[in-house]
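Structure data (compact mmCIF, C-alpha atoms and all ligand atoms) from target-v7.txt:
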```txt
# COMPACT_ATOMS: atom_id res chain seq x y z
CA MET A 1 165.85 49.57 59.29
CA GLU A 2 168.87 51.90 59.44
CA LEU A 3 169.01 52.67 55.71
CA LEU A 4 165.41 53.87 55.80
CA LYS A 5 165.85 55.93 58.97
CA LYS A 6 168.90 57.66 57.45
CA ARG A 7 166.90 58.45 54.33
CA ILE A 8 164.02 59.87 56.36
CA VAL A 9 166.43 62.14 58.24
CA LYS A 10 168.13 63.20 55.00
CA ASP A 11 165.11 63.77 52.75
CA GLY A 12 161.97 63.80 54.92
CA ARG A 13 160.21 67.07 55.64
CA VAL A 14 158.10 67.63 58.75
CA ILE A 15 154.87 69.57 58.20
CA GLY A 16 153.36 70.95 61.40
CA ASP A 17 153.53 68.50 64.32
CA ASP A 18 152.33 65.29 62.79
CA ILE A 19 152.78 65.01 59.01
CA LEU A 20 155.97 63.75 57.39
CA LYS A 21 156.51 64.35 53.69
CA VAL A 22 158.69 61.80 51.95
CA ASP A 23 157.96 62.82 48.36
CA MET A 24 161.68 62.70 47.58
CA PHE A 25 161.90 58.89 47.77
CA LEU A 26 158.52 57.28 48.55
CA ASN A 27 155.39 59.28 47.75
CA HIS A 28 156.14 61.15 44.53
CA GLN A 29 159.63 60.41 43.25
CA ILE A 30 160.31 56.74 44.06
CA ASP A 31 163.72 55.30 44.95
CA VAL A 32 163.29 51.80 43.56
CA GLU A 33 166.54 50.50 45.03
CA LEU A 34 165.38 51.57 48.49
CA LEU A 35 162.03 49.89 47.84
CA GLN A 36 163.90 46.68 47.00
CA GLU A 37 165.62 46.79 50.39
CA ILE A 38 162.24 47.52 52.02
CA GLY A 39 160.70 44.55 50.17
CA LYS A 40 163.51 42.24 51.33
CA GLU A 41 163.07 43.41 54.92
CA PHE A 42 159.32 42.73 54.85
CA LYS A 43 160.07 39.25 53.49
CA ARG A 44 162.64 38.65 56.24
CA ARG A 45 160.21 39.75 58.96
CA PHE A 46 157.31 37.70 57.62
CA SER A 47 159.37 34.66 56.56
CA ASP A 48 157.55 32.58 59.19
CA SER A 49 154.14 33.36 57.62
CA GLU A 50 152.64 31.67 54.63
CA ILE A 51 151.45 34.65 52.55
CA THR A 52 149.33 34.12 49.42
CA LYS A 53 148.50 37.74 48.63
CA ILE A 54 149.53 41.28 49.47
CA LEU A 55 146.76 43.83 49.96
CA THR A 56 147.32 47.58 49.87
CA ILE A 57 145.45 50.80 49.15
CA GLU A 58 145.86 53.21 46.25
CA ALA A 59 147.86 55.17 45.45
CA SER A 60 151.03 55.28 47.51
CA GLY A 61 150.88 51.69 48.75
CA ILE A 62 150.95 50.20 45.26
CA GLY A 63 154.60 50.71 44.34
CA ILE A 64 155.81 49.49 47.74
CA ALA A 65 153.54 46.43 47.64
CA CYS A 66 154.53 45.51 44.07
CA ILE A 67 158.24 45.52 44.81
CA ALA A 68 157.74 43.63 48.08
CA ALA A 69 155.58 41.08 46.24
CA GLN A 70 158.56 40.07 44.11
CA TYR A 71 160.21 38.66 47.26
CA PHE A 72 157.04 36.85 48.35
CA SER A 73 156.20 35.66 44.79
CA VAL A 74 152.53 36.52 45.30
CA PRO A 75 150.08 38.86 43.55
CA VAL A 76 149.21 42.33 44.82
CA VAL A 77 145.62 43.53 45.16
CA PHE A 78 144.99 47.19 45.84
CA ALA A 79 141.80 48.66 47.24
CA LYS A 80 140.38 51.37 45.00
CA LYS A 81 139.26 54.65 46.48
CA GLY A 82 135.85 56.12 45.67
CA THR A 83 132.96 54.42 43.96
CA HIS A 84 133.65 53.22 40.44
CA ARG A 85 130.83 52.42 38.07
CA ASN A 86 132.91 49.85 36.22
CA VAL A 87 133.51 47.75 39.38
CA GLY A 88 129.82 46.88 39.75
CA ASN A 89 128.27 45.37 42.86
CA ASN A 90 130.64 42.46 43.05
CA VAL A 91 132.81 44.19 45.64
CA TYR A 92 133.82 44.21 49.26
CA SER A 93 133.85 47.75 50.65
CA ALA A 94 134.69 49.79 53.73
CA ASP A 95 134.79 53.46 54.70
CA VAL A 96 138.17 54.98 55.51
CA TYR A 97 138.82 58.35 57.11
CA SER A 98 141.95 59.98 55.69
CA PHE A 99 144.09 61.62 58.32
CA THR A 100 146.06 63.71 55.83
CA LYS A 101 143.11 64.78 53.64
CA ASP A 102 140.39 65.01 56.33
CA VAL A 103 137.81 63.18 54.20
CA THR A 104 136.11 59.79 54.40
CA THR A 105 136.29 57.64 51.28
CA THR A 106 134.78 54.30 50.42
CA ILE A 107 137.39 51.75 49.40
CA THR A 108 136.48 48.71 47.33
CA VAL A 109 138.03 45.41 46.27
CA SER A 110 136.44 43.13 43.70
CA LYS A 111 135.23 39.82 45.14
CA ASP A 112 137.16 38.14 42.32
CA TYR A 113 140.52 38.95 43.88
CA ILE A 114 140.28 37.83 47.50
CA GLN A 115 139.30 34.27 48.31
CA LYS A 116 138.47 32.55 51.59
CA GLU A 117 141.69 30.54 51.32
CA ASP A 118 143.91 33.64 51.09
CA LYS A 119 146.46 34.44 53.78
CA ILE A 120 146.98 38.16 53.45
CA LEU A 121 149.74 40.59 54.29
CA ILE A 122 148.66 44.25 54.32
CA ILE A 123 151.36 46.70 53.24
CA ASP A 124 151.15 50.49 53.44
CA ASP A 125 153.48 53.48 53.45
CA PHE A 126 152.37 55.09 56.76
CA LEU A 127 150.63 54.07 59.94
CA ALA A 128 149.00 56.98 61.80
CA ASN A 129 145.59 56.32 63.38
CA GLY A 130 145.16 52.96 61.70
CA ALA A 131 142.07 53.87 59.67
CA ALA A 132 143.44 52.66 56.31
CA CYS A 133 144.48 49.32 57.84
CA ALA A 134 141.15 48.99 59.65
CA GLY A 135 139.33 49.43 56.32
CA LEU A 136 141.52 46.82 54.63
CA ILE A 137 140.98 44.42 57.55
CA GLU A 138 137.22 44.93 57.25
CA ILE A 139 137.47 43.89 53.60
CA ILE A 140 139.53 40.80 54.50
CA ASN A 141 136.90 39.88 57.10
CA GLN A 142 134.09 40.30 54.57
CA ALA A 143 135.96 37.90 52.29
CA GLU A 144 136.47 35.52 55.25
CA ALA A 145 140.16 35.40 54.35
CA GLN A 146 142.97 35.29 56.90
CA LEU A 147 145.07 38.28 57.92
CA GLU A 148 148.71 37.32 58.55
CA GLY A 149 149.91 40.78 59.52
CA VAL A 150 150.52 44.39 58.62
CA GLY A 151 153.81 45.70 57.16
CA ILE A 152 154.35 49.45 57.41
CA VAL A 153 157.22 51.48 55.99
CA ILE A 154 156.92 54.47 58.39
CA GLU A 155 154.96 54.32 61.62
CA LYS A 156 154.25 57.46 63.60
CA GLY A 157 154.52 55.89 67.03
CA PHE A 158 152.98 58.90 68.76
CA GLN A 159 149.66 58.23 67.00
CA PRO A 160 147.35 55.40 68.07
CA GLY A 161 147.40 53.13 64.97
CA ARG A 162 149.58 50.35 66.38
CA GLN A 163 147.67 50.22 69.64
CA ALA A 164 144.35 49.90 67.80
CA LEU A 165 145.65 47.13 65.56
CA GLU A 166 147.47 45.19 68.29
CA SER A 167 144.50 45.32 70.62
CA ALA A 168 142.55 43.64 67.81
CA GLY A 169 145.22 40.90 67.77
CA VAL A 170 146.96 42.07 64.59
CA ARG A 171 150.72 41.62 64.10
CA VAL A 172 152.33 44.92 63.05
CA GLU A 173 155.86 45.20 61.62
CA SER A 174 157.09 48.74 60.94
CA LEU A 175 160.47 49.41 59.35
CA ALA A 176 160.91 52.85 60.94
CA VAL A 177 159.00 54.06 63.98
CA ILE A 178 159.00 57.80 64.65
CA LYS A 179 158.79 58.66 68.32
CA SER A 180 158.30 62.39 67.90
CA MET A 181 158.67 65.12 65.31
CA GLY A 182 157.62 68.27 67.14
CA GLY A 183 159.49 71.47 66.30
CA GLY A 184 160.80 69.92 63.11
CA THR A 185 163.12 67.51 64.99
CA LEU A 186 162.70 63.82 64.23
CA THR A 187 163.41 61.10 66.78
CA PHE A 188 163.00 57.35 66.26
CA GLU A 189 162.01 54.66 68.73
P1 LIG B 201 145.96 56.11 59.07
O1 LIG B 201 144.90 55.51 58.21
O2 LIG B 201 146.80 55.07 59.78
O3 LIG B 201 145.44 57.18 59.98
O4 LIG B 201 146.96 56.87 58.08
C1 LIG B 201 147.68 56.17 57.13
C2 LIG B 201 147.40 56.65 55.75
O5 LIG B 201 147.39 58.08 55.69
C3 LIG B 201 148.49 56.17 54.83
O6 LIG B 201 147.89 55.42 53.79
C4 LIG B 201 149.16 57.43 54.30
O7 LIG B 201 148.98 57.54 52.92
C5 LIG B 201 148.49 58.59 54.99
N1 LIG B 201 149.37 59.24 55.99
C6 LIG B 201 149.19 59.29 57.33
N2 LIG B 201 150.12 60.03 57.93
C7 LIG B 201 150.95 60.47 56.95
C8 LIG B 201 152.13 61.29 56.94
O8 LIG B 201 152.64 61.79 57.97
N3 LIG B 201 152.71 61.49 55.74
C9 LIG B 201 152.21 60.98 54.57
N4 LIG B 201 152.88 61.22 53.45
N5 LIG B 201 151.10 60.19 54.54
C10 LIG B 201 150.47 59.94 55.72
```
Final structure tokens representation of the file:
Amino acid sequence: MELLKKRIVKDGRVIGDDILKVDMFLNHQIDVELLQEIGKEFKRRFSDSEITKILTIEASGIGIACIAAQYFSVPVVFAKKGTHRNVGNNVYSADVYSFTKDVTTTITVSKDYIQKEDKILIIDDFLANGAACAGLIEIINQAEAQLEGVGIVIEKGFQPGRQALESAGVRVESLAVIKSMGGGTLTFE
């Protein structure tokens, strides 16, 4: 998606060799018009799938998923991080290792919000090692729902997330795939 790639080049900031900060338009300040274009592009790419629900993970996936959901006309469910007393035991859960924070967190989704009949699209901001998606897929499997695919805004193609997901038979659609960003220079696939 050219518009997105241009924005990454203009406003993204490379930290070290493998972290991209996009706080200017995606992860802190949010460019809603760009998110609308992102939502339309996800809808175009998954127009052949019958989606009943979008699943994401707090916090940065929520805004992206909500705007995309307007084009799919489906609800959004987001996995909560950490254990919450007010969620009770009626939850599906999985452990997710965070690449950026170097901690493992338990994510939970109430059993009330994913049904066996659901056909689910996972949406997230980044794909790195695939741990967040793997956790969400584990939750979908616990619910015996169907995974239709994964929609990612920015994939770091030099990390193994796509490979892990595709070898498990998962369809992955990324709107911008970064080939390398060593030395502060970004290249796309
Ligand atoms: P994974 O679980 O695929 O290893 O990493 C994806 C998750 O980690 C995303 O939910 C995202 O929030 C975070 N993440 C991974 N790499 C980056 C990055 O380069 N920049 C930012 N802002 N977040 C990242």
Can you list, as a list in words, every protein, DNA or RNA residue that comes within 8 Å of Glu144 of chain A when you count all atoms listed in the file, leaving out same-chain residues fewer than 2 positions away?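 The residues that qualify are Gln115, Lys116, Ile140, Asn141, Gln142 and Gln146 of chain A.
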Export of prior selection with C-alpha atoms as a PDB file, in the frame of the given file:
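Listed below is the output, selection_15.pdb:
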```
ATOM      1  CA  GLN A 115     139.300  34.270  48.310  1.00  0.00           C
ATOM      2  CA  LYS A 116     138.470  32.550  51.590  1.00  0.00           C
ATOM      3  CA  ILE A 140     139.530  40.800  54.500  1.00  0.00           C
ATOM      4  CA  ASN A 141     136.900  39.880  57.100  1.00  0.00           C
ATOM      5  CA  GLN A 142     134.090  40.300  54.570  1.00  0.00           C
ATOM      6  CA  GLN A 146     142.970  35.290  56.900  1.00  0.00           C
TER       7      GLN A 146
END
```
Tell me which protein, DNA and RNA residues are within 7 Å of Gly149 of chain A, counting all atoms listed in the file, leaving out same-chain ones fewer than 6 positions away, and put them as a ChimeraX atom specification. /A:121-122,170-172
Pick from A:Val22, A:Val109, A:Val14, A:Ala131, whichever lies nearest to Val91 of chain A using all atoms listed in the file: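 The answer is A:Val109, which sits nearest to Val91 of chain A.
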Using all atoms listed in the file, which residues sit within 12 Å of Val9 of chain A once same-chain residues fewer than 4 positions away are excluded, as an NGL selection string? :A and (2-5 or 13-14 or 20-22 or 24-25 or 176 or 178 or 181 or 184-188)
Around ligand LIG 201 (chain B), at most 9 Å away and counting all atoms listed in the file, which residues are there? Put them as an MDAnalysis selection string, please. chainID A and resid 14:15 18:23 26:27 56:61 96:101 124:135 154:156 159:162
